[in-house]
file entry_6.cif (mmCIF, C-alpha atoms)
data_upload
loop_
_atom_site.group_PDB
_atom_site.id
_atom_site.type_symbol
_atom_site.label_atom_id
_atom_site.label_comp_id
_atom_site.auth_asym_id
_atom_site.auth_seq_id
_atom_site.Cartn_x
_atom_site.Cartn_y
_atom_site.Cartn_z
ATOM 1 C CA MET N 57 -34.928 56.600 28.124
ATOM 2 C CA THR N 58 -31.293 57.642 28.409
ATOM 3 C CA THR N 59 -28.688 57.307 25.691
ATOM 4 C CA LYS N 60 -26.794 54.751 27.763
ATOM 5 C CA THR N 61 -29.901 52.557 28.064
ATOM 6 C CA ILE N 62 -30.548 52.760 24.325
ATOM 7 C CA LEU N 63 -26.925 51.855 23.551
ATOM 8 C CA LYS N 64 -27.097 48.867 25.914
ATOM 9 C CA LYS N 65 -30.271 47.638 24.204
ATOM 10 C CA ILE N 66 -28.674 48.041 20.773
ATOM 11 C CA ASP N 67 -25.591 46.164 22.001
ATOM 12 C CA ARG N 68 -27.718 43.353 23.463
ATOM 13 C CA THR N 69 -29.706 43.106 20.226
ATOM 14 C CA GLY N 70 -26.468 42.931 18.235
ATOM 15 C CA ILE N 71 -25.168 40.154 20.487
ATOM 16 C CA ILE N 72 -28.388 38.163 20.045
ATOM 17 C CA ILE N 73 -28.255 38.603 16.249
ATOM 18 C CA GLU N 74 -24.573 37.625 16.064
ATOM 19 C CA ASP N 75 -25.029 34.563 18.263
ATOM 20 C CA GLY N 76 -28.158 33.512 16.391
ATOM 21 C CA LEU N 77 -26.374 33.848 13.050
ATOM 22 C CA ILE N 78 -23.433 31.773 14.262
ATOM 23 C CA VAL N 79 -25.709 29.002 15.546
ATOM 24 C CA GLY N 80 -27.819 29.046 12.377
ATOM 25 C CA LEU N 81 -24.829 29.041 10.034
ATOM 26 C CA ILE N 82 -22.994 26.250 11.848
ATOM 27 C CA GLY N 83 -26.257 24.315 12.060
ATOM 28 C CA GLY N 84 -26.629 24.730 8.303
ATOM 29 C CA VAL N 85 -23.089 23.462 7.739
ATOM 30 C CA VAL N 86 -23.780 20.362 9.836
ATOM 31 C CA LEU N 87 -27.204 19.779 8.269
ATOM 32 C CA PHE N 88 -26.053 20.081 4.653
ATOM 33 C CA SER N 89 -22.865 18.088 5.312
ATOM 34 C CA VAL N 90 -24.778 15.190 6.856
ATOM 35 C CA MET N 91 -27.439 15.386 4.151
ATOM 36 C CA GLN N 92 -24.800 15.284 1.413
ATOM 37 C CA LEU N 93 -23.025 12.384 3.139
ATOM 38 C CA VAL N 94 -26.244 10.352 3.430
ATOM 39 C CA MET N 95 -27.190 11.087 -0.192
ATOM 40 C CA ARG N 96 -23.785 9.949 -1.464
ATOM 41 C CA LEU N 97 -23.534 6.921 0.810
ATOM 42 C CA PHE N 98 -27.009 5.468 0.415
ATOM 43 C CA PHE N 99 -28.340 6.873 -2.850
ATOM 44 C CA ASN N 100 -25.172 7.251 -4.964
ATOM 45 C CA SER N 101 -26.070 10.855 -5.692
ATOM 46 C CA GLY N 102 -26.005 14.239 -4.095
ATOM 47 C CA PHE N 103 -26.946 17.822 -4.616
ATOM 48 C CA ILE N 104 -24.704 19.634 -7.078
ATOM 49 C CA TRP N 105 -24.938 22.878 -5.141
ATOM 50 C CA ALA N 106 -24.454 21.477 -1.606
ATOM 51 C CA ASP N 107 -20.642 21.575 -1.513
ATOM 52 C CA GLU N 108 -20.529 25.192 -2.656
ATOM 53 C CA LEU N 109 -23.272 26.115 -0.183
ATOM 54 C CA ILE N 110 -21.316 24.497 2.645
ATOM 55 C CA LYS N 111 -18.242 26.541 1.677
ATOM 56 C CA MET N 112 -20.300 29.742 1.729
ATOM 57 C CA LEU N 113 -21.824 28.856 5.106
ATOM 58 C CA VAL N 114 -18.362 28.174 6.553
ATOM 59 C CA LEU N 115 -17.124 31.532 5.217
ATOM 60 C CA TRP N 116 -20.065 33.391 6.734
ATOM 61 C CA ALA N 117 -19.877 31.486 10.059
ATOM 62 C CA THR N 118 -16.158 32.164 10.367
ATOM 63 C CA LEU N 119 -16.472 35.874 9.692
ATOM 64 C CA VAL N 120 -19.535 36.374 11.893
ATOM 65 C CA ALA N 121 -17.671 34.531 14.686
ATOM 66 C CA SER N 122 -14.687 36.841 14.101
ATOM 67 C CA ILE N 123 -16.959 39.852 14.457
ATOM 68 C CA SER N 124 -18.271 38.357 17.677
ATOM 69 C CA ALA N 125 -14.734 37.675 18.966
ATOM 70 C CA SER N 126 -13.712 41.271 18.279
ATOM 71 C CA ARG N 127 -16.608 42.438 20.448
ATOM 72 C CA GLU N 128 -14.865 41.183 23.583
ATOM 73 C CA ASN N 129 -11.275 41.215 22.286
ATOM 74 C CA LYS N 130 -11.154 37.405 22.286
ATOM 75 C CA HIS N 131 -9.006 36.914 19.184
ATOM 76 C CA LEU N 132 -5.814 34.918 19.537
ATOM 77 C CA LYS N 133 -2.836 37.024 20.502
ATOM 78 C CA ILE N 134 0.698 36.592 21.730
ATOM 79 C CA ASP N 135 1.023 38.536 24.943
ATOM 80 C CA LEU N 136 4.514 38.396 26.423
ATOM 81 C CA ILE N 137 5.398 42.019 27.003
ATOM 82 C CA SER N 138 2.276 43.179 28.854
ATOM 83 C CA ASN N 139 3.012 40.719 31.679
ATOM 84 C CA LEU N 140 6.467 42.222 32.161
ATOM 85 C CA ILE N 141 5.539 45.925 32.294
ATOM 86 C CA ALA N 142 3.469 47.964 34.708
ATOM 87 C CA SER N 143 -0.281 47.600 34.174
ATOM 88 C CA GLN N 144 -0.685 51.305 33.399
ATOM 89 C CA TYR N 145 1.795 51.052 30.522
ATOM 90 C CA SER N 146 0.181 47.805 29.498
ATOM 91 C CA MET N 147 -2.886 49.889 28.601
ATOM 92 C CA LEU N 148 -0.755 51.874 26.136
ATOM 93 C CA LEU N 149 0.537 48.658 24.600
ATOM 94 C CA GLN N 150 -2.998 47.282 24.311
ATOM 95 C CA ALA N 151 -4.160 50.546 22.726
ATOM 96 C CA PHE N 152 -1.320 50.343 20.209
ATOM 97 C CA ASN N 153 -2.168 46.710 19.416
ATOM 98 C CA ALA N 154 -5.841 47.583 18.930
ATOM 99 C CA LEU N 155 -4.901 50.500 16.654
ATOM 100 C CA ILE N 156 -2.612 48.337 14.500
ATOM 101 C CA THR N 157 -5.269 45.607 14.308
ATOM 102 C CA SER N 158 -7.845 48.191 13.280
ATOM 103 C CA CYS N 159 -5.553 49.494 10.526
ATOM 104 C CA ILE N 160 -4.974 45.977 9.211
ATOM 105 C CA CYS N 161 -8.734 45.331 9.200
ATOM 106 C CA ILE N 162 -9.273 48.578 7.267
ATOM 107 C CA VAL N 163 -6.734 47.523 4.610
ATOM 108 C CA ILE N 164 -8.372 44.102 4.266
ATOM 109 C CA SER N 165 -11.806 45.713 4.134
ATOM 110 C CA VAL N 166 -10.790 48.105 1.346
ATOM 111 C CA HIS N 167 -9.406 45.268 -0.746
ATOM 112 C CA ALA N 168 -12.446 43.125 0.020
ATOM 113 C CA PHE N 169 -14.710 45.944 -1.222
ATOM 114 C CA ARG N 170 -12.671 46.009 -4.429
ATOM 115 C CA PHE N 171 -13.047 42.229 -4.766
ATOM 116 C CA VAL N 172 -16.816 42.404 -4.243
ATOM 117 C CA ASP N 173 -17.001 45.220 -6.793
ATOM 118 C CA LEU N 174 -15.173 43.036 -9.320
ATOM 119 C CA THR N 175 -17.571 40.150 -8.772
ATOM 120 C CA PHE N 176 -20.415 42.616 -9.283
ATOM 121 C CA SER N 177 -18.847 44.039 -12.453
ATOM 122 C CA PHE N 178 -18.285 40.616 -13.980
ATOM 123 C CA ASP N 179 -21.770 39.436 -12.937
ATOM 124 C CA GLU N 180 -20.377 36.299 -11.305
ATOM 125 C CA LYS N 181 -22.793 33.760 -9.830
ATOM 126 C CA VAL N 182 -22.560 31.244 -7.009
ATOM 127 C CA LEU N 183 -24.955 28.396 -6.394
ATOM 128 C CA ILE N 184 -26.020 28.728 -10.025
ATOM 129 C CA ILE N 185 -28.303 31.786 -9.621
ATOM 130 C CA ILE N 186 -27.108 33.907 -6.672
ATOM 131 C CA PRO N 187 -24.915 36.912 -7.506
ATOM 132 C CA ALA N 188 -21.448 36.318 -6.063
ATOM 133 C CA TRP N 189 -21.265 39.823 -4.619
ATOM 134 C CA ILE N 190 -24.071 38.914 -2.201
ATOM 135 C CA ALA N 191 -22.261 35.795 -1.024
ATOM 136 C CA TYR N 192 -18.917 37.593 -0.624
ATOM 137 C CA SER N 193 -20.291 40.805 0.874
ATOM 138 C CA ILE N 194 -19.696 39.404 4.351
ATOM 139 C CA ILE N 195 -15.937 39.880 3.914
ATOM 140 C CA PRO N 196 -15.801 43.706 3.732
ATOM 141 C CA ILE N 197 -18.677 44.029 6.209
ATOM 142 C CA ALA N 198 -16.949 41.807 8.763
ATOM 143 C CA PHE N 199 -13.578 43.517 8.495
ATOM 144 C CA SER N 200 -15.167 46.984 8.627
ATOM 145 C CA LEU N 201 -17.022 46.052 11.821
ATOM 146 C CA MET N 202 -13.895 44.517 13.338
ATOM 147 C CA SER N 203 -11.922 47.658 12.485
ATOM 148 C CA PHE N 204 -14.569 49.813 14.157
ATOM 149 C CA ARG N 205 -14.585 47.621 17.266
ATOM 150 C CA TYR N 206 -10.809 47.707 17.551
ATOM 151 C CA LEU N 207 -10.843 51.507 17.255
ATOM 152 C CA ILE N 208 -13.309 51.575 20.148
ATOM 153 C CA ALA N 209 -11.041 49.194 22.092
ATOM 154 C CA CYS N 210 -8.094 51.504 21.417
ATOM 155 C CA ALA N 211 -10.047 54.477 22.758
ATOM 156 C CA LYS N 212 -11.067 52.495 25.867
ATOM 157 C CA HIS N 213 -7.462 51.493 26.584
ATOM 158 C CA LEU N 214 -6.300 55.084 26.170
ATOM 159 C CA SER N 215 -9.026 56.356 28.504
ATOM 160 C CA ARG N 216 -7.961 53.781 31.125
ATOM 161 C CA TYR N 217 -4.356 54.885 30.755
ATOM 162 C CA ASN N 218 -5.263 58.454 31.718
ATOM 163 C CA LYS N 219 -7.159 57.357 34.831
ATOM 164 C CA PRO N 220 -5.263 56.548 38.023
ATOM 165 C CA LEU N 221 -5.169 52.825 38.841
ATOM 166 C CA LYS N 222 -7.081 51.608 41.878
#
call {"tool": "encode", "arguments": {"input": "entry_6.cif", "output": "structure tokens"}}
result
Amino acid sequence: MTTKTILKKIDRTGIIIEDGLIVGLIGGVVLFSVMQLVMRLFFNSGFIWADELIKMLVLWATLVASISASRENKHLKIDLISNLIASQYSMLLQAFNALITSCICIVISVHAFRFVDLTFSFDEKVLIIIPAWIAYSIIPIAFSLMSFRYLIACAKHLSRYNKPLK
């Protein structure tokens, strides 16, 4: 098996995991939201932990979806200049944008690691018994992965810039 084949299989597996996580997390948000609504409406009660769990599921779903969007460079962006310049120079602009985005993700990731470390140091809990650092660990992980993907995108744009256009 060649390296390219192995990398494609790893990429496909990552896509399946990401998509499955997004579906599961959003499904959990809908399930717990409806369950909490029914409990409050018909039984005048609810689960104490459900609202906090829904917030955690939304956080995780949002960041996993952001990781997924960075895979194919599908984040929102304002793109006025690249339509006005030659496509070869547009690759340089896209490489610069990817590099800046990667740097911003690195800064956020570093501060998110510090935040998670603080929650670990203070032994904070969410959902009564779960250590907060576990719940918030998605933040530095997500921004680290996005930074890595944008560095790869930068390298791809630079390699396209060096090749003659067809």
call {"tool": "residues_around", "arguments": {"input": "entry_6.cif", "residues": "N:Ile110", "least_positions_apart": "5", "cutoff": "9 Å", "atoms": "all atoms listed in the file", "output": "VMD selection string"}}
result
chain N and resid 84 to 86 88 to 89 105 115
call {"tool": "closest_residue", "arguments": {"input": "entry_6.cif", "among": "N:Gln92, N:Thr61, N:Ser203, N:Ser193", "to": "N:Met112", "atoms": "all atoms listed in the file"}}
result
N:Ser193
call {"tool": "atom_distance", "arguments": {"input": "entry_6.cif", "atom1": "atom CA of N:Phe176", "atom2": "atom CA of N:Ser122"}}
result
24.8 Å
call {"tool": "residues_around", "arguments": {"input": "entry_6.cif", "residues": "stretch 65-82 of chain N", "least_positions_apart": "3", "cutoff": "8 Å", "atoms": "only C-alpha atoms", "output": "PDB file with C-alpha atoms, keeping the file's coordinate frame"}}
result
ATOM      1  CA  THR N  61     -29.901  52.557  28.064  1.00  0.00           C
ATOM      2  CA  ILE N  62     -30.548  52.760  24.325  1.00  0.00           C
ATOM      3  CA  VAL N  85     -23.089  23.462   7.739  1.00  0.00           C
ATOM      4  CA  VAL N  86     -23.780  20.362   9.836  1.00  0.00           C
ATOM      5  CA  LEU N 113     -21.824  28.856   5.106  1.00  0.00           C
ATOM      6  CA  VAL N 114     -18.362  28.174   6.553  1.00  0.00           C
ATOM      7  CA  TRP N 116     -20.065  33.391   6.734  1.00  0.00           C
ATOM      8  CA  ALA N 117     -19.877  31.486  10.059  1.00  0.00           C
ATOM      9  CA  VAL N 120     -19.535  36.374  11.893  1.00  0.00           C
ATOM     10  CA  ALA N 121     -17.671  34.531  14.686  1.00  0.00           C
ATOM     11  CA  SER N 124     -18.271  38.357  17.677  1.00  0.00           C
TER      12      SER N 124
END
call {"tool": "closest_residue", "arguments": {"input": "entry_6.cif", "among": "N:Ile190, N:Val163, N:Asp179, N:Asn153", "to": "N:Ala211", "atoms": "all atoms listed in the file"}}
result
N:Asn153
call {"tool": "resolve_selection", "arguments": {"input": "entry_6.cif", "expression": "the PyMOL selection byres ((chain N and resi 164) around 12)", "output": "ChimeraX atom specification"}}
result
/N:157-163,165-171,195-203
call {"tool": "residues_around", "arguments": {"input": "entry_6.cif", "residues": "N:Glu128", "least_positions_apart": "4", "cutoff": "10 Å", "atoms": "all atoms listed in the file", "output": "list in words"}}
result
Ile123, Ser124, Arg205, Tyr206 and Ala209 of chain N
call {"tool": "resolve_selection", "arguments": {"input": "entry_6.cif", "expression": "the PyMOL selection byres ((chain N and resi 183) around 8)", "output": "PyMOL selection string"}}
result
chain N and resi 105+108-109+181-182+184-186
call {"tool": "atom_distance", "arguments": {"input": "entry_6.cif", "atom1": "atom CA of N:Ala154", "atom2": "atom CA of N:Leu214"}}
result
10.4 Å
